[in-house]
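Listing of protein_12.cif, mmCIF, C-alpha atoms
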```cif
data_entry
#
loop_
_atom_site.group_PDB
_atom_site.id
_atom_site.type_symbol
_atom_site.label_atom_id
_atom_site.label_comp_id
_atom_site.auth_asym_id
_atom_site.auth_seq_id
_atom_site.Cartn_x
_atom_site.Cartn_y
_atom_site.Cartn_z
ATOM 1 C CA MET A 1 -20.159 -84.995 62.842
ATOM 2 C CA ARG A 2 -18.231 -81.814 63.467
ATOM 3 C CA VAL A 3 -20.096 -79.108 65.377
ATOM 4 C CA ALA A 4 -19.776 -76.733 62.434
ATOM 5 C CA ASP A 5 -21.417 -79.283 60.135
ATOM 6 C CA ARG A 6 -24.221 -79.809 62.618
ATOM 7 C CA ILE A 7 -24.827 -76.064 62.831
ATOM 8 C CA GLU A 8 -24.848 -75.830 59.065
ATOM 9 C CA ARG A 9 -27.244 -78.727 58.626
ATOM 10 C CA LYS A 10 -29.702 -77.555 61.274
ATOM 11 C CA LEU A 11 -29.835 -74.009 59.972
ATOM 12 C CA THR A 12 -30.229 -75.213 56.409
ATOM 13 C CA ASP A 13 -33.095 -77.524 57.362
ATOM 14 C CA ALA A 14 -34.901 -74.992 59.545
ATOM 15 C CA LEU A 15 -34.415 -71.704 57.731
ATOM 16 C CA ALA A 16 -33.656 -72.516 54.084
ATOM 17 C CA PRO A 17 -30.947 -69.870 53.805
ATOM 18 C CA THR A 18 -29.961 -68.363 50.469
ATOM 19 C CA ARG A 19 -26.502 -67.780 51.928
ATOM 20 C CA LEU A 20 -24.877 -69.435 54.902
ATOM 21 C CA ARG A 21 -21.363 -69.331 56.266
ATOM 22 C CA VAL A 22 -20.359 -71.110 59.444
ATOM 23 C CA ILE A 23 -16.893 -70.074 60.543
ATOM 24 C CA ASP A 24 -15.076 -71.782 63.391
ATOM 25 C CA GLU A 25 -13.189 -69.049 65.238
ATOM 26 C CA SER A 26 -12.190 -71.235 68.181
ATOM 27 C CA HIS A 27 -8.497 -70.865 67.412
ATOM 28 C CA LEU A 28 -8.831 -67.133 68.153
ATOM 29 C CA HIS A 29 -9.998 -67.937 71.660
ATOM 30 C CA ALA A 30 -7.633 -70.779 72.534
ATOM 31 C CA GLY A 31 -6.748 -70.935 76.203
ATOM 32 C CA HIS A 32 -9.402 -68.594 77.550
ATOM 33 C CA ALA A 33 -12.819 -68.936 79.144
ATOM 34 C CA GLY A 34 -15.057 -71.451 77.457
ATOM 35 C CA ALA A 35 -12.375 -72.795 75.152
ATOM 36 C CA ARG A 36 -11.883 -76.562 75.052
ATOM 37 C CA PRO A 37 -8.644 -78.206 73.988
ATOM 38 C CA GLU A 38 -10.494 -79.950 71.159
ATOM 39 C CA GLY A 39 -11.780 -76.601 69.845
ATOM 40 C CA GLU A 40 -15.196 -76.102 68.227
ATOM 41 C CA THR A 41 -16.424 -73.648 70.871
ATOM 42 C CA HIS A 42 -16.526 -70.240 69.176
ATOM 43 C CA PHE A 43 -18.405 -69.764 65.927
ATOM 44 C CA ARG A 44 -19.432 -66.986 63.605
ATOM 45 C CA VAL A 45 -22.523 -67.563 61.492
ATOM 46 C CA GLU A 46 -23.540 -65.366 58.592
ATOM 47 C CA ILE A 47 -26.990 -66.280 57.400
ATOM 48 C CA THR A 48 -29.301 -64.794 54.810
ATOM 49 C CA THR A 49 -32.827 -66.107 54.519
ATOM 50 C CA PRO A 50 -36.280 -64.880 53.525
ATOM 51 C CA ALA A 51 -37.446 -66.384 56.832
ATOM 52 C CA PHE A 52 -36.122 -63.195 58.492
ATOM 53 C CA ASP A 53 -38.417 -60.916 56.481
ATOM 54 C CA GLY A 54 -40.277 -58.593 58.816
ATOM 55 C CA LEU A 55 -38.421 -59.797 61.926
ATOM 56 C CA SER A 56 -36.447 -57.498 64.223
ATOM 57 C CA ARG A 57 -32.777 -58.174 64.872
ATOM 58 C CA VAL A 58 -33.650 -59.652 68.240
ATOM 59 C CA ALA A 59 -36.330 -61.918 66.743
ATOM 60 C CA ARG A 60 -33.955 -63.125 64.023
ATOM 61 C CA GLN A 61 -31.279 -64.090 66.475
ATOM 62 C CA ARG A 62 -33.845 -65.768 68.711
ATOM 63 C CA ARG A 63 -34.866 -67.939 65.735
ATOM 64 C CA VAL A 64 -31.253 -69.000 65.250
ATOM 65 C CA TYR A 65 -30.778 -69.628 68.974
ATOM 66 C CA GLU A 66 -33.922 -71.779 68.968
ATOM 67 C CA VAL A 67 -32.647 -73.908 66.124
ATOM 68 C CA LEU A 68 -29.248 -74.298 67.767
ATOM 69 C CA ALA A 69 -30.487 -74.627 71.369
ATOM 70 C CA GLU A 70 -28.864 -78.009 71.834
ATOM 71 C CA GLU A 71 -25.476 -76.840 70.578
ATOM 72 C CA LEU A 72 -25.612 -73.718 72.789
ATOM 73 C CA ARG A 73 -26.335 -75.842 75.832
ATOM 74 C CA GLY A 74 -23.464 -78.110 74.875
ATOM 75 C CA PRO A 75 -20.165 -77.421 73.196
ATOM 76 C CA VAL A 76 -20.817 -73.974 71.731
ATOM 77 C CA HIS A 77 -19.612 -71.246 74.059
ATOM 78 C CA ALA A 78 -19.991 -68.263 71.741
ATOM 79 C CA LEU A 79 -21.963 -67.621 68.592
ATOM 80 C CA ALA A 80 -21.516 -64.386 66.693
ATOM 81 C CA LEU A 81 -24.376 -63.780 64.273
ATOM 82 C CA GLN A 82 -24.992 -61.741 61.186
ATOM 83 C CA THR A 83 -28.630 -62.141 60.137
ATOM 84 C CA ARG A 84 -29.934 -60.722 56.882
ATOM 85 C CA THR A 85 -32.786 -61.059 54.454
ATOM 86 C CA PRO A 86 -32.029 -61.493 50.743
ATOM 87 C CA ALA A 87 -33.148 -57.886 50.171
ATOM 88 C CA GLU A 88 -30.541 -56.678 52.653
ATOM 89 C CA GLU A 89 -27.686 -58.594 51.042
ATOM 90 C CA GLN A 90 -25.006 -56.204 50.025
ATOM 91 C CA PRO A 91 -23.776 -56.611 46.496
ATOM 92 C CA GLY A 92 -20.264 -58.062 46.164
ATOM 93 C CA MET B 1 -43.986 -68.120 84.553
ATOM 94 C CA ILE B 2 -42.499 -69.698 87.666
ATOM 95 C CA SER B 3 -41.705 -67.076 90.286
ATOM 96 C CA ASN B 4 -38.006 -66.534 90.492
ATOM 97 C CA PRO B 5 -36.264 -64.206 92.962
ATOM 98 C CA VAL B 6 -33.552 -63.483 90.408
ATOM 99 C CA PHE B 7 -36.210 -62.121 88.039
ATOM 100 C CA ASP B 8 -37.347 -59.681 90.721
ATOM 101 C CA GLN B 9 -33.791 -58.418 91.107
ATOM 102 C CA ILE B 10 -33.429 -58.038 87.332
ATOM 103 C CA LYS B 11 -36.720 -56.157 87.056
ATOM 104 C CA GLN B 12 -35.577 -53.876 89.837
ATOM 105 C CA ASP B 13 -32.222 -53.212 88.140
ATOM 106 C CA ILE B 14 -33.589 -52.516 84.675
ATOM 107 C CA SER B 15 -36.361 -50.269 85.946
ATOM 108 C CA SER B 16 -34.167 -48.180 88.235
ATOM 109 C CA ASN B 17 -31.355 -47.653 85.701
ATOM 110 C CA ASP B 18 -31.813 -46.224 82.201
ATOM 111 C CA VAL B 19 -29.060 -48.279 80.601
ATOM 112 C CA VAL B 20 -27.978 -51.614 82.039
ATOM 113 C CA LEU B 21 -25.371 -53.949 80.619
ATOM 114 C CA TYR B 22 -25.281 -57.527 81.874
ATOM 115 C CA MET B 23 -21.728 -58.539 81.195
ATOM 116 C CA LYS B 24 -18.829 -60.738 82.164
ATOM 117 C CA GLY B 25 -16.476 -58.713 84.318
ATOM 118 C CA THR B 26 -16.814 -55.015 85.025
ATOM 119 C CA PRO B 27 -16.771 -52.035 82.667
ATOM 120 C CA VAL B 28 -13.188 -51.352 83.801
ATOM 121 C CA PHE B 29 -12.094 -54.998 83.620
ATOM 122 C CA PRO B 30 -14.277 -56.913 81.160
ATOM 123 C CA GLN B 31 -13.618 -60.663 81.274
ATOM 124 C CA CYS B 32 -14.796 -61.433 77.766
ATOM 125 C CA GLY B 33 -14.180 -59.890 74.361
ATOM 126 C CA PHE B 34 -17.882 -59.616 73.531
ATOM 127 C CA SER B 35 -18.647 -57.764 76.757
ATOM 128 C CA ALA B 36 -15.620 -55.552 76.188
ATOM 129 C CA ALA B 37 -16.877 -54.643 72.716
ATOM 130 C CA VAL B 38 -20.208 -53.376 74.031
ATOM 131 C CA VAL B 39 -18.518 -51.443 76.858
ATOM 132 C CA GLN B 40 -16.328 -49.838 74.229
ATOM 133 C CA VAL B 41 -19.315 -48.778 72.116
ATOM 134 C CA LEU B 42 -21.152 -47.285 75.082
ATOM 135 C CA SER B 43 -18.057 -45.514 76.372
ATOM 136 C CA HIS B 44 -17.294 -44.181 72.914
ATOM 137 C CA MET B 45 -20.800 -42.730 72.753
ATOM 138 C CA GLY B 46 -20.439 -41.241 76.215
ATOM 139 C CA VAL B 47 -23.424 -43.183 77.519
ATOM 140 C CA LYS B 48 -23.730 -43.654 81.252
ATOM 141 C CA PHE B 49 -24.627 -47.222 82.069
ATOM 142 C CA LYS B 50 -24.728 -49.649 84.925
ATOM 143 C CA GLY B 51 -22.599 -52.725 84.324
ATOM 144 C CA ILE B 52 -23.696 -55.857 86.147
ATOM 145 C CA ASP B 53 -21.138 -58.627 86.362
ATOM 146 C CA VAL B 54 -22.907 -61.984 85.941
ATOM 147 C CA LEU B 55 -19.738 -63.864 86.883
ATOM 148 C CA THR B 56 -20.202 -62.868 90.512
ATOM 149 C CA ASP B 57 -23.507 -64.718 90.755
ATOM 150 C CA PRO B 58 -24.238 -68.054 89.038
ATOM 151 C CA SER B 59 -27.993 -67.683 89.599
ATOM 152 C CA LEU B 60 -27.962 -64.310 87.861
ATOM 153 C CA ARG B 61 -25.791 -65.657 85.058
ATOM 154 C CA GLN B 62 -28.464 -68.244 84.274
ATOM 155 C CA GLY B 63 -31.359 -66.023 85.394
ATOM 156 C CA ILE B 64 -30.697 -63.221 82.946
ATOM 157 C CA LYS B 65 -30.602 -65.748 80.081
ATOM 158 C CA ASP B 66 -33.994 -67.108 81.135
ATOM 159 C CA PHE B 67 -35.440 -63.662 81.778
ATOM 160 C CA SER B 68 -34.457 -62.308 78.361
ATOM 161 C CA GLN B 69 -34.882 -65.639 76.594
ATOM 162 C CA TRP B 70 -31.448 -64.965 75.190
ATOM 163 C CA PRO B 71 -28.712 -67.562 75.632
ATOM 164 C CA THR B 72 -25.631 -65.378 75.610
ATOM 165 C CA ILE B 73 -23.937 -62.549 77.524
ATOM 166 C CA PRO B 74 -23.592 -59.537 77.141
ATOM 167 C CA GLN B 75 -27.144 -58.205 77.130
ATOM 168 C CA LEU B 76 -28.086 -54.558 76.914
ATOM 169 C CA TYR B 77 -31.258 -53.098 78.403
ATOM 170 C CA VAL B 78 -32.446 -49.558 77.714
ATOM 171 C CA LYS B 79 -35.336 -48.218 79.800
ATOM 172 C CA GLY B 80 -36.295 -51.710 80.824
ATOM 173 C CA GLU B 81 -36.316 -53.071 77.281
ATOM 174 C CA PHE B 82 -33.954 -55.708 75.931
ATOM 175 C CA VAL B 83 -32.090 -54.228 72.964
ATOM 176 C CA GLY B 84 -29.686 -57.008 72.086
ATOM 177 C CA GLY B 85 -26.352 -58.701 72.505
ATOM 178 C CA CYS B 86 -22.944 -57.893 71.119
ATOM 179 C CA ASP B 87 -23.634 -58.387 67.383
ATOM 180 C CA ILE B 88 -26.819 -56.343 67.476
ATOM 181 C CA ILE B 89 -25.276 -53.507 69.461
ATOM 182 C CA ARG B 90 -22.302 -53.370 67.107
ATOM 183 C CA GLU B 91 -24.535 -53.338 64.016
ATOM 184 C CA MET B 92 -26.822 -50.707 65.521
ATOM 185 C CA PHE B 93 -23.830 -48.583 66.482
ATOM 186 C CA GLU B 94 -22.401 -48.756 62.970
ATOM 187 C CA SER B 95 -25.722 -47.869 61.342
ATOM 188 C CA GLY B 96 -26.397 -44.996 63.741
ATOM 189 C CA GLU B 97 -29.515 -46.713 65.017
ATOM 190 C CA LEU B 98 -28.183 -47.119 68.533
ATOM 191 C CA ARG B 99 -27.799 -43.383 68.954
ATOM 192 C CA GLN B 100 -31.371 -42.919 67.692
ATOM 193 C CA VAL B 101 -32.753 -45.488 70.106
ATOM 194 C CA LEU B 102 -30.896 -43.939 73.041
ATOM 195 C CA GLN B 103 -31.912 -40.421 72.097
ATOM 196 C CA SER B 104 -35.524 -41.421 71.563
ATOM 197 C CA HIS B 105 -35.483 -42.583 75.177
ATOM 198 C CA GLY B 106 -33.996 -39.282 76.274
ATOM 199 C CA ILE B 107 -30.603 -40.754 77.080
ATOM 200 C CA GLN B 108 -27.706 -38.453 76.592
ATOM 201 C CA THR B 109 -24.943 -39.346 74.161
ATOM 202 C CA GLU B 110 -21.878 -37.394 73.132
ATOM 203 C CA ALA B 111 -21.515 -36.190 69.578
ATOM 204 C CA ALA B 112 -19.554 -38.694 67.471
#
```
Can you turn what I pasted into structure tokens?
Amino acid sequence: MRVADRIERKLTDALAPTRLRVIDESHLHAGHAGARPEGETHFRVEITTPAFDGLSRVARQRRVYEVLAEELRGPVHALALQTRTPAEEQPG
Amino acid sequence: MISNPVFDQIKQDISSNDVVLYMKGTPVFPQCGFSAAVVQVLSHMGVKFKGIDVLTDPSLRQGIKDFSQWPTIPQLYVKGEFVGGCDIIREMFESGELRQVLQSHGIQTEAA
């Protein structure tokens, strides 16, 4: 399974997001620190879930890091995160 | 918690400096785009900070992740408190919250 698919599946199972985008940005980092020739090292995740209600930014990201601990120890070198609750979703 | 000499060094650094950025590279020569982004925000706001290059010390590079329970670099500390990594600092800068947090701790920033 591709790393992006694994990220998507784990976050979906753990946090029941109402919106989730997993974007592989590895091509933007080709050839520098942490990049692997096969790619799948640098990701951006945008996730909206009611599970973040009442949590600080730090606590939200820690939740995501927990869920993806295995990936972060392994192939994933960088993970940019945007964490929102449904109430914070911007229209459009 | 298991006693860890790196933790003692970190505690010392974050208590003796108001604003500390654990980063890859130095403020003048960041070695990573995410570290560079936070340096840029702080410099733009005219905030004095101490940059600590984790690439010079593998035990610190791992130690700061364990200490903060945060798996990525950069990491920003203000008055001994972990504020966040690159995404959080960028969001807080854009919303004006970062300036508020710094000012509430009595840290000087330049007018935008």
Residues matched by the PyMOL selection byres ((chain B) within 7 of (chain A)), written as a JSON list (two decimals) with C-alpha atoms, keeping the file's coordinate frame:
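File produced: part-v8.json:
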```
[["chain", "number", "residue", "atom", "x", "y", "z"],
["B", 70, "TRP", "CA", -31.45, -64.96, 75.19],
["B", 84, "GLY", "CA", -29.69, -57.01, 72.09],
["B", 87, "ASP", "CA", -23.63, -58.39, 67.38],
["B", 88, "ILE", "CA", -26.82, -56.34, 67.48]]
```
Test item: which residues lie within 9 Å of (-27.5, -65.5, 75.4) counting only C-alpha atoms, as a list of chain:residue names:
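Result, sorted by chain then residue number: A:Tyr65, A:Leu72, A:Ala78, B:Ile64, B:Lys65, B:Asp66, B:Ser68, B:Gln69, B:Trp70, B:Pro71, B:Thr72, B:Ile73, B:Pro74, B:Gln75, B:Gly85.
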Mind telling me what the PyMOL selection byres ((chain B and resi 46) around 9) catches here, as a PDB file with C-alpha atoms, in the coordinates of the input?
```pdb
ATOM      1  CA  VAL B  41     -19.315 -48.778  72.116  1.00  0.00           C
ATOM      2  CA  LEU B  42     -21.152 -47.285  75.082  1.00  0.00           C
ATOM      3  CA  SER B  43     -18.057 -45.514  76.372  1.00  0.00           C
ATOM      4  CA  HIS B  44     -17.294 -44.181  72.914  1.00  0.00           C
ATOM      5  CA  MET B  45     -20.800 -42.730  72.753  1.00  0.00           C
ATOM      6  CA  VAL B  47     -23.424 -43.183  77.519  1.00  0.00           C
ATOM      7  CA  LYS B  48     -23.730 -43.654  81.252  1.00  0.00           C
ATOM      8  CA  GLN B 108     -27.706 -38.453  76.592  1.00  0.00           C
ATOM      9  CA  THR B 109     -24.943 -39.346  74.161  1.00  0.00           C
ATOM     10  CA  GLU B 110     -21.878 -37.394  73.132  1.00  0.00           C
ATOM     11  CA  ALA B 111     -21.515 -36.190  69.578  1.00  0.00           C
TER      12      ALA B 111
END
```
Run the PyMOL selection byres ((chain B and resi 15-24) around 7) mentally over the shown coordinates, then write out the matched residues as a ChimeraX atom specification, using the chain letters and numbers from the document.
/B:11-14,25-26,30-32,35,49-55,73-80
Writer output for current selection, C-alpha atoms, as a PDB file, keeping the file's coordinate frame:
```
ATOM      1  CA  LYS B  11     -36.720 -56.157  87.056  1.00  0.00           C
ATOM      2  CA  GLN B  12     -35.577 -53.876  89.837  1.00  0.00           C
ATOM      3  CA  ASP B  13     -32.222 -53.212  88.140  1.00  0.00           C
ATOM      4  CA  ILE B  14     -33.589 -52.516  84.675  1.00  0.00           C
ATOM      5  CA  GLY B  25     -16.476 -58.713  84.318  1.00  0.00           C
ATOM      6  CA  THR B  26     -16.814 -55.015  85.025  1.00  0.00           C
ATOM      7  CA  PRO B  30     -14.277 -56.913  81.160  1.00  0.00           C
ATOM      8  CA  GLN B  31     -13.618 -60.663  81.274  1.00  0.00           C
ATOM      9  CA  CYS B  32     -14.796 -61.433  77.766  1.00  0.00           C
ATOM     10  CA  SER B  35     -18.647 -57.764  76.757  1.00  0.00           C
ATOM     11  CA  PHE B  49     -24.627 -47.222  82.069  1.00  0.00           C
ATOM     12  CA  LYS B  50     -24.728 -49.649  84.925  1.00  0.00           C
ATOM     13  CA  GLY B  51     -22.599 -52.725  84.324  1.00  0.00           C
ATOM     14  CA  ILE B  52     -23.696 -55.857  86.147  1.00  0.00           C
ATOM     15  CA  ASP B  53     -21.138 -58.627  86.362  1.00  0.00           C
ATOM     16  CA  VAL B  54     -22.907 -61.984  85.941  1.00  0.00           C
ATOM     17  CA  LEU B  55     -19.738 -63.864  86.883  1.00  0.00           C
ATOM     18  CA  ILE B  73     -23.937 -62.549  77.524  1.00  0.00           C
ATOM     19  CA  PRO B  74     -23.592 -59.537  77.141  1.00  0.00           C
ATOM     20  CA  GLN B  75     -27.144 -58.205  77.130  1.00  0.00           C
ATOM     21  CA  LEU B  76     -28.086 -54.558  76.914  1.00  0.00           C
ATOM     22  CA  TYR B  77     -31.258 -53.098  78.403  1.00  0.00           C
ATOM     23  CA  VAL B  78     -32.446 -49.558  77.714  1.00  0.00           C
ATOM     24  CA  LYS B  79     -35.336 -48.218  79.800  1.00  0.00           C
ATOM     25  CA  GLY B  80     -36.295 -51.710  80.824  1.00  0.00           C
TER      26      GLY B  80
END
```
Calculated over all atoms listed in the file, which of the candidates A:Arg44, A:Ala35, A:Leu55, A:Glu88 has the smallest distance to Val22 of chain A?
A:Arg44
Could you jot down the atom CA of Thr41 of chain A to atom CA of His27 of chain A separation for me, Å, one decimal place?
9.1 Å
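Nearest residue to Leu11 of chain A among A:Glu89, A:Asp53, A:Glu38, A:Glu46 is A:Glu46, counting all atoms listed in the file.
Here atom CA of Ser26 of chain A is placed at a distance of 21.9 Å from atom CA of Thr12 of chain A.
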Please report, as lines of an AutoDock Vina configuration file, the centre and edge lengths in Å to one decimal of an axis-aligned box covering all listed atoms of segment 58-72 of chain A with 3 Å per side.
```
center_x = -30.9
center_y = -68.8
center_z = 68.4
size_x = 16.9
size_y = 24.4
size_z = 14.8
```
Report as JSON, numbers by chain all protein, DNA and RNA residues lying within 12 Å of Ala14 of chain A, evaluated on only C-alpha atoms, omitting residues in the same chain fewer than 5 positions from it.
{"A": [7, 8, 9, 47, 49, 50, 51, 52, 63, 64, 65, 66, 67, 68]}
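The gap separating atom CA of Arg2 of chain A from atom CA of Pro17 of chain A is 19.9 Å, in Å to one decimal.
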Restricting the calculation to all atoms listed in the file: of B:Gln62, B:Ala36, B:Phe29, B:Glu81, which residue gets closest to His105 of chain B?
B:Glu81
For Arg36 of chain A, which residue among A:Leu20, A:Val76, A:Val3, A:Leu15 is the nearest when counting all atoms listed in the file?
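Among the listed residues, A:Val76 lies closest to Arg36 of chain A.
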Working from the structure I just supplied, which lacks atoms in segment 70-97 of chain B, can you model N, CA and C atoms there and output them as a PDB file, in the frame of the given file?
```pdb
ATOM      1  N   TRP B  70     -32.611 -65.271  76.039  1.00  0.00           N
ATOM      2  CA  TRP B  70     -31.448 -64.965  75.190  1.00  0.00           C
ATOM      3  C   TRP B  70     -30.273 -65.722  75.788  1.00  0.00           C
ATOM      4  N   PRO B  71     -29.638 -66.612  75.004  1.00  0.00           N
ATOM      5  CA  PRO B  71     -28.712 -67.562  75.632  1.00  0.00           C
ATOM      6  C   PRO B  71     -27.305 -67.057  75.883  1.00  0.00           C
ATOM      7  N   THR B  72     -27.025 -65.817  75.501  1.00  0.00           N
ATOM      8  CA  THR B  72     -25.631 -65.378  75.610  1.00  0.00           C
ATOM      9  C   THR B  72     -25.519 -64.064  76.391  1.00  0.00           C
ATOM     10  N   ILE B  73     -24.324 -63.788  76.852  1.00  0.00           N
ATOM     11  CA  ILE B  73     -23.937 -62.549  77.524  1.00  0.00           C
ATOM     12  C   ILE B  73     -22.917 -61.885  76.597  1.00  0.00           C
ATOM     13  N   PRO B  74     -22.872 -60.597  76.424  1.00  0.00           N
ATOM     14  CA  PRO B  74     -23.592 -59.537  77.141  1.00  0.00           C
ATOM     15  C   PRO B  74     -25.032 -59.323  76.657  1.00  0.00           C
ATOM     16  N   GLN B  75     -25.777 -58.607  77.476  1.00  0.00           N
ATOM     17  CA  GLN B  75     -27.144 -58.205  77.130  1.00  0.00           C
ATOM     18  C   GLN B  75     -27.350 -56.758  77.559  1.00  0.00           C
ATOM     19  N   LEU B  76     -27.872 -55.975  76.622  1.00  0.00           N
ATOM     20  CA  LEU B  76     -28.086 -54.558  76.914  1.00  0.00           C
ATOM     21  C   LEU B  76     -29.579 -54.250  77.071  1.00  0.00           C
ATOM     22  N   TYR B  77     -29.894 -53.581  78.163  1.00  0.00           N
ATOM     23  CA  TYR B  77     -31.258 -53.098  78.403  1.00  0.00           C
ATOM     24  C   TYR B  77     -31.271 -51.574  78.401  1.00  0.00           C
ATOM     25  N   VAL B  78     -32.246 -51.005  77.699  1.00  0.00           N
ATOM     26  CA  VAL B  78     -32.446 -49.558  77.714  1.00  0.00           C
ATOM     27  C   VAL B  78     -33.875 -49.295  78.165  1.00  0.00           C
ATOM     28  N   LYS B  79     -34.015 -48.533  79.238  1.00  0.00           N
ATOM     29  CA  LYS B  79     -35.336 -48.218  79.800  1.00  0.00           C
ATOM     30  C   LYS B  79     -36.182 -49.476  79.968  1.00  0.00           C
ATOM     31  N   GLY B  80     -35.563 -50.493  80.510  1.00  0.00           N
ATOM     32  CA  GLY B  80     -36.295 -51.710  80.824  1.00  0.00           C
ATOM     33  C   GLY B  80     -36.551 -52.632  79.648  1.00  0.00           C
ATOM     34  N   GLU B  81     -36.077 -52.235  78.457  1.00  0.00           N
ATOM     35  CA  GLU B  81     -36.316 -53.071  77.281  1.00  0.00           C
ATOM     36  C   GLU B  81     -35.028 -53.718  76.808  1.00  0.00           C
ATOM     37  N   PHE B  82     -35.114 -54.998  76.471  1.00  0.00           N
ATOM     38  CA  PHE B  82     -33.954 -55.708  75.931  1.00  0.00           C
ATOM     39  C   PHE B  82     -33.666 -55.218  74.514  1.00  0.00           C
ATOM     40  N   VAL B  83     -32.451 -54.736  74.292  1.00  0.00           N
ATOM     41  CA  VAL B  83     -32.090 -54.228  72.964  1.00  0.00           C
ATOM     42  C   VAL B  83     -31.314 -55.262  72.161  1.00  0.00           C
ATOM     43  N   GLY B  84     -30.417 -55.993  72.824  1.00  0.00           N
ATOM     44  CA  GLY B  84     -29.686 -57.008  72.086  1.00  0.00           C
ATOM     45  C   GLY B  84     -28.382 -57.384  72.745  1.00  0.00           C
ATOM     46  N   GLY B  85     -27.671 -58.274  72.071  1.00  0.00           N
ATOM     47  CA  GLY B  85     -26.352 -58.701  72.505  1.00  0.00           C
ATOM     48  C   GLY B  85     -25.281 -58.003  71.680  1.00  0.00           C
ATOM     49  N   CYS B  86     -24.099 -58.555  71.710  1.00  0.00           N
ATOM     50  CA  CYS B  86     -22.944 -57.893  71.119  1.00  0.00           C
ATOM     51  C   CYS B  86     -23.096 -57.603  69.621  1.00  0.00           C
ATOM     52  N   ASP B  87     -23.530 -58.592  68.845  1.00  0.00           N
ATOM     53  CA  ASP B  87     -23.634 -58.387  67.383  1.00  0.00           C
ATOM     54  C   ASP B  87     -24.616 -57.279  67.059  1.00  0.00           C
ATOM     55  N   ILE B  88     -25.760 -57.309  67.758  1.00  0.00           N
ATOM     56  CA  ILE B  88     -26.819 -56.343  67.476  1.00  0.00           C
ATOM     57  C   ILE B  88     -26.363 -54.935  67.861  1.00  0.00           C
ATOM     58  N   ILE B  89     -25.726 -54.827  69.017  1.00  0.00           N
ATOM     59  CA  ILE B  89     -25.276 -53.507  69.461  1.00  0.00           C
ATOM     60  C   ILE B  89     -24.227 -52.954  68.498  1.00  0.00           C
ATOM     61  N   ARG B  90     -23.324 -53.820  68.068  1.00  0.00           N
ATOM     62  CA  ARG B  90     -22.302 -53.370  67.107  1.00  0.00           C
ATOM     63  C   ARG B  90     -22.931 -52.908  65.804  1.00  0.00           C
ATOM     64  N   GLU B  91     -23.864 -53.711  65.275  1.00  0.00           N
ATOM     65  CA  GLU B  91     -24.535 -53.338  64.016  1.00  0.00           C
ATOM     66  C   GLU B  91     -25.302 -52.032  64.175  1.00  0.00           C
ATOM     67  N   MET B  92     -26.010 -51.911  65.306  1.00  0.00           N
ATOM     68  CA  MET B  92     -26.822 -50.707  65.521  1.00  0.00           C
ATOM     69  C   MET B  92     -25.945 -49.486  65.720  1.00  0.00           C
ATOM     70  N   PHE B  93     -24.773 -49.692  66.318  1.00  0.00           N
ATOM     71  CA  PHE B  93     -23.830 -48.583  66.482  1.00  0.00           C
ATOM     72  C   PHE B  93     -23.344 -48.128  65.113  1.00  0.00           C
ATOM     73  N   GLU B  94     -22.951 -49.094  64.284  1.00  0.00           N
ATOM     74  CA  GLU B  94     -22.401 -48.756  62.970  1.00  0.00           C
ATOM     75  C   GLU B  94     -23.433 -48.060  62.087  1.00  0.00           C
ATOM     76  N   SER B  95     -24.689 -48.461  62.200  1.00  0.00           N
ATOM     77  CA  SER B  95     -25.722 -47.869  61.342  1.00  0.00           C
ATOM     78  C   SER B  95     -26.277 -46.556  61.908  1.00  0.00           C
ATOM     79  N   GLY B  96     -25.877 -46.221  63.129  1.00  0.00           N
ATOM     80  CA  GLY B  96     -26.397 -44.996  63.741  1.00  0.00           C
ATOM     81  C   GLY B  96     -27.701 -45.196  64.500  1.00  0.00           C
ATOM     82  N   GLU B  97     -28.229 -46.414  64.393  1.00  0.00           N
ATOM     83  CA  GLU B  97     -29.515 -46.713  65.017  1.00  0.00           C
ATOM     84  C   GLU B  97     -29.448 -46.668  66.545  1.00  0.00           C
TER      85      GLU B  97
END
```
